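Peer 1: My structure is below; once you've seen it, I'll send some questions.
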Amino acid sequence: MTTLKEPLQRPRLGAAEGELEQATTKRNRRTYLALLLPGLLGLLVSFVFPLAYLVRMSFNKGAPDGVIEETFTLDTYIQPLTDPYYWRVTLDTFQMGVTVGVLCVIVSYPVALFLARSTSKWRGLLIAIAIAPLLTSAVVRTYGWMVILGTNGLVNSTLADWGLIDTPLKLTNNMTGVTIGLVEIFMPYAILAMISGFGRLSPQLEEAAGSLGASKFRVFTRVTLPLSLPGILTAFLLVFVLSISTFITPRLLGGGSVQVLATEIYDQTTGLLNWPFAAALSVILLVLFGLIIAVYQRLTKKIGG
């Protein structure tokens, strides 16, 4: 009788364990959902709703006196897509983002590589020094560059004292000054992004390549640089996005002669009170973000493959 009861009890026990596991899984799902709910609600309120309102606003019609007419029109998109002025503004914005991103990566890469490889006990302090400029407002740093790059600033005064120039160089109120200021302002972001993306770097691989007869230059081009490409792409994407959306530096160092999408959006909202048109420009800028992120994802997948 005992041998007959045991086979009958095992299926019941297995079914009970299965029901217990299902109940535990459902409870865990509820717990995860409860933990995610505050963050999802915050994202919904702070990002999704404002973005939806912005897109809806872009289809309205703005009057010269600032009155917004509730309607559904494509005029706010047709004007920037057909007017050569806004094409030039969009192109200047894109070129500025690419230029600042490339220069920032070039300047920040040696610093990030040194910090990533460093085994010194001062490594933490060195990283803190590298990102210390973030503690200073971008407005203050931009004003500092206005003094340095001005007609009677440090750069022109030094070059004139050395006899290298007869007339001051025009380094402000143009794209050159804006680019210089943005590269310095966004360097800490690029350094942090590259340090976090250098996880694939391995000193053992470099030592193995060197032991096989590869020169230092070949080790760098064939081992170090390919393994650091994910960090480089991440830094470039971050700097590009920050550059094309920045307003303070192009406005101050540009002196009103440098027009990018961010400054144009500001002028449309505060000067002309044309909120629908400014919303349409914001959507165009958002689409530009999306295109760059799509290219970034394709590149990262290709590198990963």
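Starting from 1 in every chain, residues are counted up; chains themselves are A, B, ... following the order of the structure tokens, and ligands are numbered from 1 as listed.
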Which neighbours of stretch 244-254 of chain A fall inside 6 Å, counting only C-alpha atoms, when residues of the same chain fewer than 2 positions from it are skipped, and could you give them as a list in words?
Peer 2: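 Using only C-alpha atoms, the neighbours found are Thr93, Gly97, Thr142, Thr172, Asn173, Asn174, Val178, Val241, Leu242, Gly256, Ser257, Val258, Ala262 and Thr263 of chain A.
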Peer 1: Go through A:Pro168, A:Gly181, A:Gly197, A:Pro133 and flag the residue nearest A:Thr300, using only C-alpha atoms for the distances.
Peer 2: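 Of all the options, A:Gly197 lies closest to A:Thr300.
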Peer 1: Find the residue from A:Thr269, A:Leu36, A:Gly124, A:Leu281 that sits nearest to A:Val89; use only C-alpha atoms when measuring.
Peer 2: A:Leu281
Peer 1: May I ask which of the residues A:Leu288, A:Leu273, A:Ala52, A:Leu113 is the closest one to A:Phe220, counting only C-alpha atoms?
Peer 2: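 Among the listed residues, A:Leu113 lies closest to A:Phe220.
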Peer 1: Tell me which of A:Thr90, A:Thr179, A:Ser215, A:Thr234 sits closest to A:Leu286, counting only C-alpha atoms.
Peer 2: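 Ranking A:Thr90, A:Thr179, A:Ser215, A:Thr234 by distance to A:Leu286, first place goes to A:Thr90.
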Peer 1: My list of candidates is A:Met57, A:Ile292, A:Ala208, A:Leu51. Which is closest to A:Ala280 when distances are computed with only C-alpha atoms?
Peer 2: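 The answer is A:Met57, which sits nearest to A:Ala280.
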